[in-house]
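Enquirer: Take a look at this one; I'll ask things after.
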Amino acid sequence: MRFDMRASAIGAPTTELYATAIDMCAWAQTRGCLGAVLCEHHGSDDGYLPTPLILASAVAARTERLAITSVVLLPLYDPVRLAEEMAVLDIISRGRVSYILGLGYRREEYEHFGVDMRARGRIADEKLDLLRRLLAGEAVVRDGRRIKVTPPPYTAGGPLLMWGGGSLAAARRAGKYGLPFLAQANVPGSQETYEAACSAHGHEPGMTLLPDRDTPSVCFVADDVDEAWHELGPYLLHDARTYADWNPSNETSAGIADVYTVEELRATSRSHRIFTVAQAINHVHGGGMLTLAPLCGGLPPDLAWPYLNHVADAVVPALAQNDLANQRDKLPQTEGVQA
């Protein structure tokens, strides 16, 4: 599941959305959900989540085994404070929180924090170096200051850090530091650039995720798709239109649909999808991820819960049954053996 906590003008109040997001995570860990991704942006008119680590703490306190991933726009943080917060969150979650670090792309956010966007790459390099050393337990002397993060993280060496982005420069930075690369796009040459950078800096290549433009990033499941589009369409359109406004001329990143009507979104978008149960099952069997965004666009909880329950009641059992059948097919045949 993915939460960005947009609260559009047509959507539910923020108090309802935040309480429901935490409830949904607690509910989802018992129903086959692999994890929750918490996103980050700043100064958005619709209240996009600015502090994913705080929400991650609330989710971690309500769950026991759900994996949680937080996006972090690294140049906008004090790395010492960030290391302390990561360490404490690692303790609360017992190592269940990982991070996708990135630069961000909105000039307004850099102005918001008074950070020079033109220097964001250099700033990120400096902060990443310090962050990793502090999470590893080092005492670092920087500009005459002695810095040491206490208490140490629950995870030896610190929580899992990954790098995100939608460019070859992002692939090079991930490879330079030997971090897994979770991209926003499958830019030609990304895998090769990442592997070459890993090799040049003495790292074994890690995990990569390179989504194509048409990768579904906002998914719902319904029996009556027409009715679902009527009910959900305005919220999905708000989400799609806002990302498109933030990313003019972006023709590569997943999750962007440059459309202006619900009808156009339904007809042309591959990012915002409403599947039937059979389509959802086929999508997963074909290697796709069913990325649910249950509160997309500020969708009111009373509308959101039935769609989420439908996935748990109709899709998850079918996938589990198929997995069980596949496991049985792989068992050795034992003809003539009696118990």
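Residue numbering restarts at 1 for every chain of the structure tokens, chains are lettered A, B, ... in their displayed order, and ligands are numbered from 1 as they appear.
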Please, which residues of segment 105-183 of chain A, numbered as in this document, come out strand (DSSP E or B) from DSSP, as a PyMOL selection string?
Expert: chain A and resi 140-142+145-147+161-165+181-183
Enquirer: Once you count only C-alpha atoms, what closest atom pair and distance in Å to one decimal does each residue of segment 99-179 of chain A within 10 Å of segment 41-55 of chain A have, with rows by chain and rising residue number, as CSV?
Expert:
```
residue,atom,partner,partner_atom,distance
A:Tyr99,CA,A:Leu53,CA,9.6
A:Gly104,CA,A:His41,CA,8.2
A:Tyr105,CA,A:His41,CA,9.7
A:Arg106,CA,A:His41,CA,8.6
A:Glu108,CA,A:Gly43,CA,7.5
A:Glu109,CA,A:His42,CA,5.7
A:Tyr110,CA,A:His42,CA,9.1
A:Glu111,CA,A:Gly43,CA,10.0
A:His112,CA,A:Gly43,CA,7.3
A:Phe113,CA,A:His42,CA,9.3
```
Enquirer: Would you export the selected residues with N, CA, C and O atoms as an mmCIF file, in the first residue's frame, please?
Expert:
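Written output follows (out_26.cif):
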```cif
data_model
loop_
_atom_site.group_PDB
_atom_site.id
_atom_site.type_symbol
_atom_site.label_atom_id
_atom_site.label_comp_id
_atom_site.auth_asym_id
_atom_site.auth_seq_id
_atom_site.Cartn_x
_atom_site.Cartn_y
_atom_site.Cartn_z
ATOM 1 N N TYR A 99 14.386 2.995 3.840
ATOM 2 C CA TYR A 99 14.293 4.354 3.317
ATOM 3 C C TYR A 99 14.691 4.420 1.852
ATOM 4 O O TYR A 99 15.668 3.795 1.445
ATOM 5 N N GLY A 104 14.526 14.919 -4.847
ATOM 6 C CA GLY A 104 13.349 15.738 -5.092
ATOM 7 C C GLY A 104 13.514 16.531 -6.375
ATOM 8 O O GLY A 104 14.609 16.630 -6.931
ATOM 9 N N TYR A 105 12.417 17.111 -6.820
ATOM 10 C CA TYR A 105 12.465 17.803 -8.116
ATOM 11 C C TYR A 105 11.679 19.112 -8.126
ATOM 12 O O TYR A 105 11.656 19.815 -9.142
ATOM 13 N N ARG A 106 11.050 19.477 -7.008
ATOM 14 C CA ARG A 106 10.229 20.686 -6.995
ATOM 15 C C ARG A 106 11.029 21.856 -6.412
ATOM 16 O O ARG A 106 11.466 21.828 -5.269
ATOM 17 N N GLU A 108 9.935 24.645 -5.479
ATOM 18 C CA GLU A 108 9.232 25.241 -4.343
ATOM 19 C C GLU A 108 9.675 24.629 -3.013
ATOM 20 O O GLU A 108 9.701 25.323 -1.983
ATOM 21 N N GLU A 109 10.017 23.364 -3.024
ATOM 22 C CA GLU A 109 10.414 22.705 -1.785
ATOM 23 C C GLU A 109 11.787 23.180 -1.315
ATOM 24 O O GLU A 109 12.024 23.322 -0.109
ATOM 25 N N TYR A 110 12.669 23.432 -2.254
ATOM 26 C CA TYR A 110 13.989 23.955 -1.892
ATOM 27 C C TYR A 110 13.879 25.385 -1.374
ATOM 28 O O TYR A 110 14.566 25.776 -0.425
ATOM 29 N N GLU A 111 12.999 26.166 -1.974
ATOM 30 C CA GLU A 111 12.763 27.519 -1.470
ATOM 31 C C GLU A 111 12.139 27.464 -0.075
ATOM 32 O O GLU A 111 12.468 28.275 0.798
ATOM 33 N N HIS A 112 11.266 26.514 0.139
ATOM 34 C CA HIS A 112 10.593 26.312 1.426
ATOM 35 C C HIS A 112 11.604 26.145 2.559
ATOM 36 O O HIS A 112 11.421 26.683 3.658
ATOM 37 N N PHE A 113 12.690 25.408 2.280
ATOM 38 C CA PHE A 113 13.706 25.140 3.300
ATOM 39 C C PHE A 113 14.937 26.042 3.177
ATOM 40 O O PHE A 113 15.868 25.926 3.983
#
```
Enquirer: If DSSP is run on the backbone, what residues of segment 42-278 of chain A are helix (DSSP H, G or I)? A reply as a ChimeraX atom specification would be ideal.
Expert: /A:52-62,74-76,79-93,107-113,117-135,168-176,190-200,225-246,262-268,277-278
Enquirer: For atom CA of Tyr307 of chain A and atom CA of Arg2 of chain A, quote the distance in Å rounded to one decimal.
Expert: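 Going from atom CA of Tyr307 of chain A over to atom CA of Arg2 of chain A, I get 14.5 Å.
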Enquirer: Excluding segment 11-27 of chain A and any residue of its chain fewer than 3 positions from it, enumerate the residues within 6 Å of it, using only C-alpha atoms, and give them as a PyMOL selection string.
Expert: chain A and resi 7-8+30+59+62-63+298-300
Enquirer: Determine the nearest neighbour of Ala139 of chain A from the options A:Leu319, A:Val80, A:Cys33, A:Ala60, counting only C-alpha atoms.
Expert: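 Closest to Ala139 of chain A, using only C-alpha atoms: A:Val80.
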Enquirer: Which one is closest to Arg122 of chain A: A:Cys39, A:Leu82, A:Leu74, A:Ala222? Count only C-alpha atoms.
Expert: A:Leu74
Enquirer: Do a neighbour search on Arg172 of chain A at 9 Å with only C-alpha atoms, toss out local chain neighbours closer than 2 positions, and write the hits as a tab-separated table (two decimals) with all heavy atoms, in the first residue's frame.
Expert:
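What follows is the written file selection_39.tsv:
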```tsv
chain	number	residue	atom	x	y	z
A	167	SER	N	16.58	9.27	-13.27
A	167	SER	CA	17.58	9.73	-14.23
A	167	SER	C	18.81	8.85	-14.17
A	167	SER	O	19.01	8.08	-13.23
A	167	SER	CB	17.97	11.18	-13.91
A	167	SER	OG	18.63	11.25	-12.66
A	168	LEU	N	19.68	9.00	-15.17
A	168	LEU	CA	20.95	8.28	-15.15
A	168	LEU	C	21.86	8.80	-14.04
A	168	LEU	O	22.64	8.03	-13.47
A	168	LEU	CB	21.65	8.43	-16.51
A	168	LEU	CG	20.94	7.78	-17.71
A	168	LEU	CD1	21.76	7.96	-18.97
A	168	LEU	CD2	20.66	6.31	-17.45
A	169	ALA	N	21.72	10.07	-13.70
A	169	ALA	CA	22.51	10.62	-12.58
A	169	ALA	C	22.12	9.92	-11.28
A	169	ALA	O	22.98	9.63	-10.44
A	169	ALA	CB	22.29	12.12	-12.48
A	170	ALA	N	20.84	9.64	-11.11
A	170	ALA	CA	20.40	8.92	-9.91
A	170	ALA	C	20.95	7.51	-9.90
A	170	ALA	O	21.36	6.99	-8.85
A	170	ALA	CB	18.87	8.90	-9.86
A	174	ALA	N	23.38	5.99	-6.95
A	174	ALA	CA	23.08	4.74	-6.25
A	174	ALA	C	24.25	3.78	-6.36
A	174	ALA	O	24.65	3.14	-5.37
A	174	ALA	CB	21.81	4.13	-6.82
A	175	GLY	N	24.81	3.66	-7.56
A	175	GLY	CA	25.94	2.75	-7.76
A	175	GLY	C	27.19	3.21	-7.03
A	175	GLY	O	27.94	2.39	-6.49
A	176	LYS	N	27.42	4.50	-7.01
A	176	LYS	CA	28.60	5.04	-6.34
A	176	LYS	C	28.62	4.63	-4.87
A	176	LYS	O	29.69	4.31	-4.32
A	176	LYS	CB	28.60	6.57	-6.47
A	176	LYS	CG	29.72	7.27	-5.71
A	176	LYS	CD	29.61	8.78	-5.87
A	176	LYS	CE	30.69	9.51	-5.08
A	176	LYS	NZ	30.57	10.99	-5.22
A	177	TYR	N	27.46	4.63	-4.24
A	177	TYR	CA	27.40	4.32	-2.81
A	177	TYR	C	26.99	2.87	-2.54
A	177	TYR	O	26.83	2.47	-1.38
A	177	TYR	CB	26.44	5.27	-2.11
A	177	TYR	CG	26.95	6.69	-2.12
A	177	TYR	CD1	26.41	7.64	-2.98
A	177	TYR	CD2	28.00	7.08	-1.29
A	177	TYR	CE1	26.90	8.95	-3.00
A	177	TYR	CE2	28.48	8.37	-1.31
A	177	TYR	CZ	27.93	9.31	-2.17
A	177	TYR	OH	28.42	10.59	-2.20
A	190	SER	N	19.70	2.71	-17.65
A	190	SER	CA	19.75	2.83	-16.19
A	190	SER	C	20.44	1.65	-15.53
A	190	SER	O	21.30	1.83	-14.66
A	190	SER	CB	18.33	2.97	-15.62
A	190	SER	OG	17.75	4.20	-15.98
A	193	THR	N	24.16	1.73	-16.34
A	193	THR	CA	24.81	2.84	-15.64
A	193	THR	C	24.99	2.51	-14.17
A	193	THR	O	26.06	2.76	-13.58
A	193	THR	CB	23.99	4.13	-15.80
A	193	THR	OG1	23.91	4.46	-17.19
A	193	THR	CG2	24.60	5.27	-15.02
A	194	TYR	N	23.98	1.93	-13.56
A	194	TYR	CA	24.04	1.55	-12.15
A	194	TYR	C	25.12	0.50	-11.92
A	194	TYR	O	25.95	0.64	-11.01
A	194	TYR	CB	22.68	1.03	-11.71
A	194	TYR	CG	22.69	0.40	-10.33
A	194	TYR	CD1	22.83	1.18	-9.19
A	194	TYR	CD2	22.55	-0.98	-10.17
A	194	TYR	CE1	22.84	0.61	-7.92
A	194	TYR	CE2	22.55	-1.55	-8.91
A	194	TYR	CZ	22.69	-0.76	-7.79
A	194	TYR	OH	22.71	-1.33	-6.54
A	195	GLU	N	25.13	-0.53	-12.72
A	195	GLU	CA	26.11	-1.60	-12.54
A	195	GLU	C	27.54	-1.10	-12.77
A	195	GLU	O	28.46	-1.50	-12.06
A	195	GLU	CB	25.79	-2.75	-13.47
A	195	GLU	CG	24.49	-3.48	-13.10
A	195	GLU	CD	24.14	-4.60	-14.06
A	195	GLU	OE1	24.89	-4.77	-15.07
A	195	GLU	OE2	23.14	-5.30	-13.82
A	196	ALA	N	27.71	-0.23	-13.77
A	196	ALA	CA	29.05	0.32	-14.03
A	196	ALA	C	29.54	1.16	-12.86
A	196	ALA	O	30.71	1.10	-12.48
A	196	ALA	CB	29.02	1.15	-15.32
A	197	ALA	N	28.64	1.96	-12.26
A	197	ALA	CA	29.03	2.78	-11.12
A	197	ALA	C	29.36	1.91	-9.91
A	197	ALA	O	30.30	2.20	-9.17
A	197	ALA	CB	27.92	3.77	-10.79
A	198	CYS	N	28.58	0.84	-9.70
A	198	CYS	CA	28.88	-0.09	-8.61
A	198	CYS	C	30.28	-0.66	-8.80
A	198	CYS	O	31.09	-0.70	-7.86
A	198	CYS	CB	27.86	-1.22	-8.58
A	198	CYS	SG	26.25	-0.78	-7.90
```
Enquirer: To one decimal place, how far is atom CA of Arg6 of chain A from atom CA of Ala124 of chain A in Å?
Expert: 26.4 Å
Enquirer: Using only C-alpha atoms, which of A:Leu303, A:Leu292, A:Val225, A:Ala156 sits nearest Arg266 of chain A?
Expert: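 The shortest atom-to-atom distance to Arg266 of chain A comes from A:Val225.
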Enquirer: Do a neighbour search on Ile123 of chain A at 10 Å with only C-alpha atoms, toss out local chain neighbours closer than 6 positions, and write the hits as a PyMOL selection string.
Expert: chain A and resi 74-76+103+115-117
